[in-house]
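A quick write-up on the structure given underneath.
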Amino acid sequence: QVRLYLPEDVARSVRRGDRVEVRPRHAPTGLVTARVEWISGVIDASSGTALAILSVPSGRRGGLAPGAAVTVSLSLRGAGAASANGDPP
């Protein structure tokens, strides 16, 4: 799993089941395709973000290690693409 904090405007465009590209920062060529498993309906008042949980298919971790920083790219409905940072638990 990858925990990801999305800005409010991005979180509103993301849905469960959406495909997401995850790249470890230490190995940017290690692309892994994940899916949005869960997204919080609550926006954190202090950060303006919502927590999302991404699932990575077993056997396809692509160099993802627990606690490692990653860059995530996702396509937004009607708004192009967005990137965010997250980390695998």
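Ligands are numbered from 1 in the order shown, chains are lettered A, B, ... in the order of the structure tokens, and residues start at 1 in each chain.
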
- request: Give me the residues within 9 Å of Glu21 in chain A as a PyMOL selection string, counting only C-alpha atoms and dropping any in the same chain fewer than 6 places off.
  value: chain A and resi 31-35+71-74

- request: For Asp44 in chain A, list every protein, DNA or RNA residue within 12 Å, evaluated using only C-alpha atoms, and leave out those in the same chain fewer than 5 positions away; present the list as a PyMOL selection string.
  value: chain A and resi 5-8+11+49-51

message: Residues near Arg25 in chain A, anyone? I mean within 9 Å using only C-alpha atoms, not counting same-chain ones fewer than 2 positions away, as a list of chain:residue names.
response: A:Arg23, A:Ala27, A:Pro28, A:Gly30, A:Ala68, A:Ala69, A:Val70, A:Thr71

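The space between CA of Leu4 in chain A and CA of His26 in chain A spans 17.5 Å.
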
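Interatomic distance, CA of Ile39 in chain A to CA of Val20 in chain A: 13.2 Å.
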
- prompt: What is the CA of Arg16 in chain A to CA of Ala45 in chain A distance in Å?
  reply: 22.4 Å

- request: Write out as a ChimeraX atom specification all residues of range 6-36 of chain A that backbone DSSP assigns to alpha helix (DSSP H).
  value: /A:8-11

Just C-alpha atoms for this one: save the residues we selected as a tab-separated table (two decimals), in the first residue's frame.
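Generated output (again.tsv):
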```
chain	number	residue	atom	x	y	z
A	8	GLU	CA	-8.60	19.14	-1.69
A	9	ASP	CA	-9.15	20.08	-5.35
A	10	VAL	CA	-7.33	16.94	-6.53
A	11	ALA	CA	-9.06	14.70	-3.98
```

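Restricting the calculation to only C-alpha atoms, the smallest distance between Leu64 in chain A and any of A:Gly17, A:Glu37, A:Gln1, A:Pro24 is found for A:Pro24.
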